[in-house]
Structures are given as structure tokens and as C-alpha cells.
$ cat model-v2.tsv   # TSV, C-alpha atoms
chain	number	residue	atom	x	y	z
A	663	ALA	CA	117.59	73.38	84.87
A	664	GLN	CA	120.63	73.98	82.73
A	665	SER	CA	123.77	75.76	83.87
A	666	VAL	CA	127.14	76.83	82.48
A	667	ALA	CA	130.45	77.30	84.24
A	668	GLN	CA	133.50	79.11	82.94
A	669	PRO	CA	136.07	78.38	85.64
A	670	GLU	CA	138.54	81.10	84.66
A	671	ASP	CA	137.70	84.79	84.97
A	672	GLN	CA	140.81	85.72	83.03
A	673	VAL	CA	143.11	83.94	80.59
A	674	ASN	CA	146.41	85.46	79.52
A	675	VAL	CA	148.36	84.11	76.58
A	676	ALA	CA	151.24	85.33	74.47
A	677	GLU	CA	150.63	86.15	70.83
A	678	GLY	CA	151.34	83.15	68.64
A	679	ASN	CA	150.72	80.63	71.41
A	680	PRO	CA	147.70	78.33	71.49
A	681	LEU	CA	144.78	79.40	73.64
A	682	THR	CA	142.03	77.54	75.46
A	683	VAL	CA	138.97	79.01	77.16
A	684	LYS	CA	137.16	76.46	79.27
A	685	CYS	CA	133.43	75.77	79.55
A	686	THR	CA	131.48	73.06	81.33
A	687	TYR	CA	127.73	72.66	81.27
A	688	SER	CA	124.82	70.84	82.85
A	689	VAL	CA	121.56	69.98	81.10
A	690	SER	CA	118.92	67.29	81.48
A	691	GLY	CA	118.54	66.56	77.79
A	692	ASN	CA	120.71	67.05	74.73
A	693	PRO	CA	122.94	70.11	74.91
A	694	TYR	CA	123.00	72.80	72.26
A	695	LEU	CA	126.24	74.69	72.92
A	696	PHE	CA	127.42	78.06	71.68
A	697	TRP	CA	130.40	80.38	71.99
A	698	TYR	CA	130.06	84.14	71.64
A	699	VAL	CA	132.64	86.93	71.78
A	700	GLN	CA	132.14	90.48	73.03
A	701	TYR	CA	134.50	93.29	72.09
A	702	PRO	CA	134.51	96.50	74.16
A	703	ASN	CA	131.32	98.54	73.84
A	704	ARG	CA	129.82	96.06	71.39
A	705	GLY	CA	127.12	93.43	71.40
A	706	LEU	CA	127.90	89.74	71.35
A	707	GLN	CA	129.00	88.04	68.15
A	708	PHE	CA	128.48	84.37	67.37
A	709	LEU	CA	131.64	82.26	67.01
A	710	LEU	CA	130.52	78.65	66.72
A	711	LYS	CA	128.03	76.05	67.89
A	712	TYR	CA	127.63	72.36	68.56
A	713	ILE	CA	124.23	70.83	67.92
A	714	THR	CA	125.01	67.28	66.81
A	715	GLY	CA	127.56	65.35	64.79
A	716	ASP	CA	131.33	65.78	64.84
A	717	ASN	CA	132.66	66.62	68.28
A	718	LEU	CA	135.15	69.13	66.86
A	719	VAL	CA	133.45	72.20	65.46
A	720	LYS	CA	135.14	75.02	63.59
A	721	GLY	CA	133.98	78.59	63.67
A	722	SER	CA	134.84	82.15	62.83
A	723	TYR	CA	138.29	83.76	63.05
A	724	GLY	CA	140.12	80.42	63.29
A	725	PHE	CA	138.42	79.32	66.52
A	726	GLU	CA	137.32	75.77	67.18
A	727	ALA	CA	135.71	73.92	70.07
A	728	GLU	CA	135.59	70.33	71.19
A	729	PHE	CA	132.43	68.80	72.60
A	730	ASN	CA	133.15	66.18	75.25
A	731	LYS	CA	129.99	64.48	76.45
A	732	SER	CA	131.60	62.43	79.21
A	733	GLN	CA	133.25	65.49	80.74
A	734	THR	CA	130.30	67.78	79.87
A	735	SER	CA	132.74	70.28	78.44
A	736	PHE	CA	132.91	72.50	75.40
A	737	HIS	CA	136.30	74.23	75.48
A	738	LEU	CA	137.13	76.95	72.96
A	739	LYS	CA	140.52	76.73	71.28
A	740	LYS	CA	142.71	78.48	68.76
A	741	PRO	CA	146.11	77.21	67.57
A	742	SER	CA	147.78	80.62	67.39
A	743	ALA	CA	146.44	83.62	69.33
A	744	LEU	CA	146.34	87.16	67.96
A	745	VAL	CA	146.35	90.39	69.96
A	746	SER	CA	143.03	91.18	68.26
A	747	ASP	CA	141.50	88.09	69.92
A	748	SER	CA	141.55	89.95	73.24
A	749	ALA	CA	137.91	90.16	74.31
A	750	LEU	CA	135.26	88.71	76.62
A	751	TYR	CA	134.12	85.20	75.70
A	752	PHE	CA	130.82	83.62	76.69
A	753	CYS	CA	129.74	80.01	76.56
A	754	ALA	CA	125.99	79.35	76.33
A	755	VAL	CA	123.78	76.28	76.46
A	756	ARG	CA	120.24	75.40	75.62
A	757	ASP	CA	118.61	72.15	76.59
A	758	GLY	CA	117.55	70.57	73.29
A	759	ASN	CA	114.77	68.60	74.95
A	760	TYR	CA	113.25	71.08	77.36
A	761	GLY	CA	112.27	74.70	77.06
A	762	GLN	CA	113.33	77.54	74.83
A	763	ASN	CA	115.58	79.49	77.17
A	764	PHE	CA	119.32	79.97	76.93
A	765	VAL	CA	121.79	80.07	79.80
A	766	PHE	CA	125.11	81.90	79.52
A	767	GLY	CA	128.25	81.48	81.53
A	768	PRO	CA	129.79	84.38	83.47
A	769	GLY	CA	132.35	85.06	80.76
A	770	THR	CA	136.13	84.73	80.49
A	771	ARG	CA	138.29	87.70	79.64
A	772	LEU	CA	141.04	86.75	77.23
A	773	SER	CA	144.14	88.93	77.02
A	774	VAL	CA	146.65	88.19	74.28
A	775	LEU	CA	149.95	89.85	75.01
A	776	PRO	CA	152.22	91.02	72.19
B	793	GLU	CA	122.11	95.33	56.37
B	794	ALA	CA	120.82	92.57	58.63
B	795	GLN	CA	120.77	93.88	62.17
B	796	VAL	CA	119.15	94.18	65.56
B	797	THR	CA	118.66	97.73	66.75
B	798	GLN	CA	117.98	99.00	70.24
B	799	ASN	CA	116.97	102.40	71.48
B	800	PRO	CA	118.02	104.26	73.45
B	801	ARG	CA	121.67	103.23	73.76
B	802	TYR	CA	122.09	105.05	77.06
B	803	LEU	CA	119.44	105.98	79.60
B	804	ILE	CA	119.59	107.55	83.03
B	805	THR	CA	116.31	107.64	84.92
B	806	VAL	CA	114.90	107.84	88.42
B	807	THR	CA	113.26	105.20	90.55
B	808	GLY	CA	109.64	104.57	89.63
B	809	LYS	CA	109.55	106.34	86.29
B	810	LYS	CA	108.21	103.96	83.66
B	811	LEU	CA	110.44	103.39	80.65
B	812	THR	CA	110.52	101.35	77.47
B	813	VAL	CA	113.55	100.08	75.59
B	814	THR	CA	112.76	99.26	71.98
B	815	CYS	CA	114.20	96.40	69.97
B	816	SER	CA	113.73	95.76	66.28
B	817	GLN	CA	115.15	93.21	63.85
B	818	ASN	CA	115.01	93.21	60.06
B	819	MET	CA	115.78	89.54	59.46
B	820	ASN	CA	112.26	88.11	59.81
B	821	HIS	CA	113.42	86.10	62.81
B	822	GLU	CA	110.88	84.16	64.85
B	823	TYR	CA	112.76	84.07	68.16
B	824	MET	CA	113.59	87.22	70.12
B	825	SER	CA	114.97	87.62	73.59
B	826	TRP	CA	116.09	90.13	76.21
B	827	TYR	CA	119.16	89.73	78.42
B	828	ARG	CA	120.81	91.75	81.12
B	829	GLN	CA	124.57	91.69	81.59
B	830	ASP	CA	126.09	92.27	85.01
B	831	PRO	CA	129.77	91.91	85.96
B	832	GLY	CA	130.62	88.41	87.10
B	833	LEU	CA	127.16	87.10	86.24
B	834	GLY	CA	127.36	86.97	82.46
B	835	LEU	CA	124.13	87.34	80.54
B	836	ARG	CA	120.87	86.38	82.15
B	837	GLN	CA	117.74	85.90	80.11
B	838	ILE	CA	114.81	88.11	81.10
B	839	TYR	CA	112.08	87.17	78.62
B	840	TYR	CA	111.91	85.50	75.26
B	841	SER	CA	109.38	85.23	72.47
B	842	MET	CA	108.92	82.40	70.00
B	843	ASN	CA	106.59	84.33	67.71
B	844	VAL	CA	103.99	87.07	67.64
B	845	GLU	CA	101.89	87.05	70.81
B	846	VAL	CA	103.97	84.19	72.30
B	847	THR	CA	106.26	85.16	75.16
B	848	ASP	CA	107.71	83.40	78.18
B	849	LYS	CA	109.81	84.14	81.23
B	850	GLY	CA	113.53	83.61	81.34
B	851	ASP	CA	115.60	83.36	84.48
B	852	VAL	CA	115.15	86.92	85.80
B	853	PRO	CA	111.73	88.26	84.71
B	854	GLU	CA	110.77	90.13	87.91
B	855	GLY	CA	110.21	93.83	87.34
B	856	TYR	CA	110.03	93.57	83.55
B	857	LYS	CA	107.30	93.22	80.94
B	858	VAL	CA	107.46	92.49	77.24
B	859	SER	CA	105.10	92.33	74.30
B	860	ARG	CA	105.34	90.93	70.78
B	861	LYS	CA	102.63	92.49	68.67
B	862	GLU	CA	104.69	92.47	65.49
B	863	LYS	CA	107.29	89.98	64.38
B	864	ARG	CA	110.07	92.57	64.06
B	865	ASN	CA	109.61	94.37	67.40
B	866	PHE	CA	110.09	93.20	70.98
B	867	PRO	CA	110.06	96.11	73.47
B	868	LEU	CA	111.18	95.75	77.08
B	869	ILE	CA	109.10	97.66	79.61
B	870	LEU	CA	110.11	98.61	83.13
B	871	GLU	CA	106.91	99.79	84.81
B	872	SER	CA	108.60	100.99	88.01
B	873	PRO	CA	112.38	100.85	87.67
B	874	SER	CA	114.53	100.35	90.74
B	875	PRO	CA	118.29	100.80	91.25
B	876	ASN	CA	118.87	97.03	91.11
B	877	GLN	CA	117.78	97.16	87.46
B	878	THR	CA	120.80	99.27	86.62
B	879	SER	CA	122.51	97.10	84.03
B	880	LEU	CA	123.51	96.61	80.40
B	881	TYR	CA	120.64	95.21	78.38
B	882	PHE	CA	120.83	93.27	75.13
B	883	CYS	CA	118.15	92.27	72.71
B	884	ALA	CA	118.77	89.27	70.46
B	885	SER	CA	116.99	87.40	67.69
B	886	SER	CA	117.40	84.10	65.90
B	887	LEU	CA	115.92	82.49	62.84
B	888	GLY	CA	113.92	79.68	64.41
B	889	THR	CA	112.61	78.38	67.67
B	890	GLY	CA	114.33	75.00	67.54
B	891	GLY	CA	117.15	76.31	69.68
B	892	SER	CA	119.86	75.25	67.27
B	893	TYR	CA	120.13	78.67	65.67
B	894	GLU	CA	122.65	81.25	66.76
B	895	GLN	CA	121.43	84.54	68.11
B	896	TYR	CA	122.14	87.97	66.67
B	897	PHE	CA	122.61	90.64	69.31
B	898	GLY	CA	121.86	94.32	69.34
B	899	PRO	CA	124.46	96.88	70.44
B	900	GLY	CA	123.14	97.12	74.00
B	901	THR	CA	121.36	99.68	76.18
B	902	ARG	CA	123.12	100.92	79.28
B	903	LEU	CA	120.49	101.78	81.88
B	904	THR	CA	121.16	103.63	85.12
B	905	VAL	CA	118.37	103.97	87.69
B	906	THR	CA	119.04	106.46	90.50

$ encode --input "model-v2.tsv" --output "C-alpha cells"
Amino acid sequence: AQSVAQPEDQVNVAEGNPLTVKCTYSVSGNPYLFWYVQYPNRGLQFLLKYITGDNLVKGSYGFEAEFNKSQTSFHLKKPSALVSDSALYFCAVRDGNYGQNFVFGPGTRLSVLP
Amino acid sequence: EAQVTQNPRYLITVTGKKLTVTCSQNMNHEYMSWYRQDPGLGLRQIYYSMNVEVTDKGDVPEGYKVSRKEKRNFPLILESPSPNQTSLYFCASSLGTGGSYEQYFGPGTRLTVT
């Protein structure tokens, strides 16, 4: 069965500084990896995904993520954080070889301080 | 506007009183899914559907039922709600069943069972 870990409940970063939100995963087959963001009182919004190909994927709002197969990680990054990036971030995985279900991590709350 | 809608947005009910939360999408998506979100646990998949009349259990299906009689609708049924089903519920849809497609989420339904 697949699983996702987000080791940090909370990440604080100053505006203008780079940010990283960490995600590690476990699947039996090929991983399909996703990042979603949730703003207060809203549903989740898709940011980016890794299915195959280039290990560095770029997504919405200037975010990017790096797939590292050997470390089974898919960390979310942004070169320069904005206060408006403050939100709850979820990493999700689907096993590309088995089943149709998705597993989400527990979420990481990002606070960007002015 | 492409969207996933859920109704009701807020619901307070009593133990044992059957309820249905509706979900509808206007994007002709094949895949639909229900999640519950609880603090510290992230999103957990309840049920998913790969097409009309095709549904399967996610990670936490106990106490829930679903049906997919039409492609656009995927209602969640709680036949006898209990307090441990108090949660924030999200419906989601995606274009295909290959698992590589991102999901579009509804705005959420906050359910309280007393």
C-alpha cells in the first residue's frame, strides 16, 4: 500500500526567502505525485504533478518540485516566498501500477512572514 | 465555469439520521472521489468511481455508501451517521482513470453529528 509523509507540521519563512515543503512517499510501483494547496475555507487547488520525465517539474504560482527516486522524495520549492503563499499544502501519491486510489499526506502549514 | 459543486456546505445532524451529500461536476470527468479531512490526518479517500456504475472503496469506507448512476453526479450517503463521522468532506473529479490527471475539488461540506 502507498503512503505519504510530510515531516513538518508547520514551516515558517520570511517573505522573499526561498521556501521548501518536504514530502516523502512509499509505493510498490511507479509513483504519480501531486502537490495541492488549500486556502482557508476553500477546497484544494492543484499546483503541480510528476508522472514521468524530467525530475524538476514547474507548476502554478512559481512553485516547482523535484522528484528524487533514490530518496523517494518530492519536495515543493519556491525561490522567493510571498505572504499570499501562506496556506496548507498537501502532497499526494498514486501507485501507477496498482489500483486507482490516492493517498494524501497530513499537510504542512506554510506561514510567510512579512 | 468548470466546477465541482457540493451541497449542503454545512450540515448539523443527530446520530442515526440518514443523510446525503450531493456532488456534481460539469466537466464530463470519468473519475470522481470522496475524501474526508481531519486535523493531523490530511485527506483520506472514502470511495471513488471510475465511471458510471463503477465504484470502489478507498481507505476509510466504513459507514458510507456511494452511487454513480450518472456521469456528473456522485452522492455520498451516510445511512446511520455517528459522531466519529463529524468531519470536512470533499468531492473531487478528474478527467481520466489513468491516475495521471489532477483532481478538481469541490468547496467542501462541513458535517457535524451530535

$ atom_distance --input "model-v2.tsv" --atom1 "CA of Thr901 (chain B)" --atom2 "CA of Phe882 (chain B)"
6.5 Å

$ residues_around --input "model-v2.tsv" --residues "Pro669 (chain A)" --least-positions-apart "5" --cutoff "10 Å" --atoms "all atoms listed in the file" --output "list in words"
Val683, Lys684, Cys685, Thr686, Gly767, Pro768, Gly769 and Thr770 of chain A

$ closest_atom_pairs --input "model-v2.tsv" --of "chain B" --to "chain A" --cutoff "8 Å" --atoms "only C-alpha atoms" --output "tab-separated table"
residue	atom	partner	partner_atom	distance
B:Pro831	CA	A:Pro768	CA	7.9
B:Gly832	CA	A:Pro768	CA	5.5
B:Leu833	CA	A:Pro768	CA	4.7
B:Gly834	CA	A:Pro768	CA	3.7
B:Leu835	CA	A:Phe766	CA	5.6
B:Arg836	CA	A:Phe766	CA	6.7
B:Gln837	CA	A:Phe764	CA	6.9
B:Tyr840	CA	A:Asn763	CA	7.3
B:Gly850	CA	A:Asn763	CA	6.2
B:Phe882	CA	A:Gly705	CA	7.3
B:Thr889	CA	A:Gln762	CA	7.2
B:Gly890	CA	A:Gln762	CA	7.8
B:Gly891	CA	A:Gln762	CA	6.5
B:Ser892	CA	A:Ile713	CA	6.2
B:Glu894	CA	A:Phe708	CA	6.6
B:Gln895	CA	A:Phe708	CA	7.1
B:Tyr896	CA	A:Gln707	CA	7.0
B:Phe897	CA	A:Gly705	CA	5.7
B:Gly898	CA	A:Gly705	CA	5.7
B:Pro899	CA	A:Gly705	CA	4.5
B:Gly900	CA	A:Gly705	CA	6.0

$ atom_distance --input "model-v2.tsv" --atom1 "CA of Ser825 (chain B)" --atom2 "CA of Ser841 (chain B)"
6.2 Å

$ residues_around --input "model-v2.tsv" --residues "Thr807 (chain B)" --least-positions-apart "5" --cutoff "9 Å" --atoms "all atoms listed in the file" --output "PyMOL selection string"
chain B and resi 872-875+905-906

$ closest_residue --input "model-v2.tsv" --among "B:Phe866, B:Tyr856, B:Tyr839, B:Tyr802" --to "Cys815 (chain B)" --atoms "only C-alpha atoms"
B:Phe866

$ atom_distance --input "model-v2.tsv" --atom1 "CA of Tyr823 (chain B)" --atom2 "CA of Thr904 (chain B)"
27.2 Å

$ closest_residue --input "model-v2.tsv" --among "B:Asn799, B:Thr812, B:Gln829, B:Ser886" --to "Lys857 (chain B)" --atoms "all atoms listed in the file"
B:Thr812

$ residues_near_point --input "model-v2.tsv" --point "(150.4, 83.9, 70.0)" --cutoff "7 Å" --atoms "all atoms listed in the file" --output "mmCIF file with C-alpha atoms, in the frame of the given file"
data_model
loop_
_atom_site.group_PDB
_atom_site.id
_atom_site.type_symbol
_atom_site.label_atom_id
_atom_site.label_comp_id
_atom_site.auth_asym_id
_atom_site.auth_seq_id
_atom_site.Cartn_x
_atom_site.Cartn_y
_atom_site.Cartn_z
ATOM 1 C CA VAL A 675 148.360 84.110 76.580
ATOM 2 C CA ALA A 676 151.240 85.330 74.470
ATOM 3 C CA GLU A 677 150.630 86.150 70.830
ATOM 4 C CA GLY A 678 151.340 83.150 68.640
ATOM 5 C CA ASN A 679 150.720 80.630 71.410
ATOM 6 C CA PRO A 680 147.700 78.330 71.490
ATOM 7 C CA SER A 742 147.780 80.620 67.390
ATOM 8 C CA ALA A 743 146.440 83.620 69.330
ATOM 9 C CA LEU A 744 146.340 87.160 67.960
#

$ closest_residue --input "model-v2.tsv" --among "B:Lys809, B:Leu870, B:Lys861, B:Glu822" --to "Ile838 (chain B)" --atoms "all atoms listed in the file"
B:Leu870

$ residues_around --input "model-v2.tsv" --residues "Arg864 (chain B)" --least-positions-apart "4" --cutoff "8 Å" --atoms "all atoms listed in the file" --output "MDAnalysis selection string"
chainID B and resid 816:821

$ closest_residue --input "model-v2.tsv" --among "A:Leu718, A:Ala663, A:Val745, A:Leu738" --to "Leu775 (chain A)" --atoms "all atoms listed in the file"
A:Val745

$ decode --input "model-v2.tsv" --residues "region 684-772 of chain A" --atoms "C-alpha atoms" --output "PDB file, in the first residue's frame"
ATOM      1  CA  LYS A 684       9.040  18.353   2.285  1.00  0.00           C
ATOM      2  CA  CYS A 685       7.313  15.174   1.119  1.00  0.00           C
ATOM      3  CA  THR A 686       8.419  11.560   1.079  1.00  0.00           C
ATOM      4  CA  TYR A 687       6.410   8.663  -0.281  1.00  0.00           C
ATOM      5  CA  SER A 688       6.213   4.905  -0.472  1.00  0.00           C
ATOM      6  CA  VAL A 689       4.681   2.927  -3.333  1.00  0.00           C
ATOM      7  CA  SER A 690       5.190  -0.525  -4.803  1.00  0.00           C
ATOM      8  CA  GLY A 691       5.112   0.557  -8.434  1.00  0.00           C
ATOM      9  CA  ASN A 692       5.733   3.810 -10.257  1.00  0.00           C
ATOM     10  CA  PRO A 693       4.737   6.890  -8.284  1.00  0.00           C
ATOM     11  CA  TYR A 694       2.386   9.535  -9.595  1.00  0.00           C
ATOM     12  CA  LEU A 695       2.990  12.530  -7.318  1.00  0.00           C
ATOM     13  CA  PHE A 696       0.951  15.670  -6.792  1.00  0.00           C
ATOM     14  CA  TRP A 697       1.010  18.861  -4.743  1.00  0.00           C
ATOM     15  CA  TYR A 698      -2.170  20.680  -3.767  1.00  0.00           C
ATOM     16  CA  VAL A 699      -2.736  23.891  -1.814  1.00  0.00           C
ATOM     17  CA  GLN A 700      -5.672  24.742   0.442  1.00  0.00           C
ATOM     18  CA  TYR A 701      -6.511  28.309   1.385  1.00  0.00           C
ATOM     19  CA  PRO A 702      -8.779  28.978   4.382  1.00  0.00           C
ATOM     20  CA  ASN A 703     -12.371  27.848   3.871  1.00  0.00           C
ATOM     21  CA  ARG A 704     -11.636  26.655   0.342  1.00  0.00           C
ATOM     22  CA  GLY A 705     -11.242  23.365  -1.456  1.00  0.00           C
ATOM     23  CA  LEU A 706      -7.896  22.085  -2.622  1.00  0.00           C
ATOM     24  CA  GLN A 707      -6.246  23.519  -5.706  1.00  0.00           C
ATOM     25  CA  PHE A 708      -3.798  21.653  -7.910  1.00  0.00           C
ATOM     26  CA  LEU A 709      -0.238  23.038  -8.026  1.00  0.00           C
ATOM     27  CA  LEU A 710       1.850  20.538  -9.966  1.00  0.00           C
ATOM     28  CA  LYS A 711       2.472  16.871 -10.666  1.00  0.00           C
ATOM     29  CA  TYR A 712       5.175  14.399 -11.560  1.00  0.00           C
ATOM     30  CA  ILE A 713       4.205  11.468 -13.745  1.00  0.00           C
ATOM     31  CA  THR A 714       7.320  10.754 -15.786  1.00  0.00           C
ATOM     32  CA  GLY A 715      10.176  12.570 -17.480  1.00  0.00           C
ATOM     33  CA  ASP A 716      12.171  15.492 -16.108  1.00  0.00           C
ATOM     34  CA  ASN A 717      12.721  15.272 -12.373  1.00  0.00           C
ATOM     35  CA  LEU A 718      12.139  19.006 -11.919  1.00  0.00           C
ATOM     36  CA  VAL A 719       8.544  19.984 -12.542  1.00  0.00           C
ATOM     37  CA  LYS A 720       7.186  23.509 -12.617  1.00  0.00           C
ATOM     38  CA  GLY A 721       3.693  24.441 -11.586  1.00  0.00           C
ATOM     39  CA  SER A 722       1.353  27.262 -10.742  1.00  0.00           C
ATOM     40  CA  TYR A 723       2.249  30.469  -8.886  1.00  0.00           C
ATOM     41  CA  GLY A 724       6.012  29.987  -9.341  1.00  0.00           C
ATOM     42  CA  PHE A 725       6.181  26.691  -7.448  1.00  0.00           C
ATOM     43  CA  GLU A 726       8.337  23.790  -8.517  1.00  0.00           C
ATOM     44  CA  ALA A 727       9.112  20.336  -7.160  1.00  0.00           C
ATOM     45  CA  GLU A 728      11.955  17.904  -7.546  1.00  0.00           C
ATOM     46  CA  PHE A 729      11.360  14.183  -7.850  1.00  0.00           C
ATOM     47  CA  ASN A 730      14.141  12.132  -6.273  1.00  0.00           C
ATOM     48  CA  LYS A 731      13.647   8.426  -6.833  1.00  0.00           C
ATOM     49  CA  SER A 732      16.541   7.254  -4.669  1.00  0.00           C
ATOM     50  CA  GLN A 733      15.348   9.285  -1.693  1.00  0.00           C
ATOM     51  CA  THR A 734      11.647   8.711  -2.515  1.00  0.00           C
ATOM     52  CA  SER A 735      11.041  12.417  -2.091  1.00  0.00           C
ATOM     53  CA  PHE A 736       9.082  15.088  -3.881  1.00  0.00           C
ATOM     54  CA  HIS A 737       9.830  18.378  -2.129  1.00  0.00           C
ATOM     55  CA  LEU A 738       7.947  21.540  -3.073  1.00  0.00           C
ATOM     56  CA  LYS A 739      10.024  24.671  -3.576  1.00  0.00           C
ATOM     57  CA  LYS A 740       9.734  28.321  -4.462  1.00  0.00           C
ATOM     58  CA  PRO A 741      12.680  30.696  -4.927  1.00  0.00           C
ATOM     59  CA  SER A 742      11.037  33.715  -3.307  1.00  0.00           C
ATOM     60  CA  ALA A 743       8.091  33.357  -0.913  1.00  0.00           C
ATOM     61  CA  LEU A 744       5.116  35.719  -0.838  1.00  0.00           C
ATOM     62  CA  VAL A 745       2.824  36.423   2.108  1.00  0.00           C
ATOM     63  CA  SER A 746      -0.031  35.215  -0.112  1.00  0.00           C
ATOM     64  CA  ASP A 747       1.625  31.768  -0.273  1.00  0.00           C
ATOM     65  CA  SER A 748       0.567  31.191   3.334  1.00  0.00           C
ATOM     66  CA  ALA A 749      -1.723  28.160   3.230  1.00  0.00           C
ATOM     67  CA  LEU A 750      -1.965  24.422   3.894  1.00  0.00           C
ATOM     68  CA  TYR A 751      -0.034  22.250   1.444  1.00  0.00           C
ATOM     69  CA  PHE A 752      -0.726  18.602   0.702  1.00  0.00           C
ATOM     70  CA  CYS A 753       1.403  16.052  -1.076  1.00  0.00           C
ATOM     71  CA  ALA A 754      -0.424  13.109  -2.676  1.00  0.00           C
ATOM     72  CA  VAL A 755       0.622   9.893  -4.383  1.00  0.00           C
ATOM     73  CA  ARG A 756      -0.974   7.280  -6.540  1.00  0.00           C
ATOM     74  CA  ASP A 757       0.674   3.999  -7.391  1.00  0.00           C
ATOM     75  CA  GLY A 758       0.883   3.979 -11.193  1.00  0.00           C
ATOM     76  CA  ASN A 759       0.881   0.194 -11.328  1.00  0.00           C
ATOM     77  CA  TYR A 760      -1.713  -0.785  -8.771  1.00  0.00           C
ATOM     78  CA  GLY A 761      -5.177   0.479  -8.007  1.00  0.00           C
ATOM     79  CA  GLN A 762      -6.981   3.731  -8.575  1.00  0.00           C
ATOM     80  CA  ASN A 763      -6.858   5.247  -5.118  1.00  0.00           C
ATOM     81  CA  PHE A 764      -4.950   8.310  -3.986  1.00  0.00           C
ATOM     82  CA  VAL A 765      -3.190   8.809  -0.667  1.00  0.00           C
ATOM     83  CA  PHE A 766      -2.604  12.268   0.781  1.00  0.00           C
ATOM     84  CA  GLY A 767      -0.110  13.381   3.360  1.00  0.00           C
ATOM     85  CA  PRO A 768      -1.203  15.060   6.610  1.00  0.00           C
ATOM     86  CA  GLY A 769      -0.461  18.523   5.279  1.00  0.00           C
ATOM     87  CA  THR A 770       2.092  21.226   6.084  1.00  0.00           C
ATOM     88  CA  ARG A 771       1.018  24.690   7.107  1.00  0.00           C
ATOM     89  CA  LEU A 772       3.191  27.333   5.491  1.00  0.00           C
TER      90      LEU A 772
END
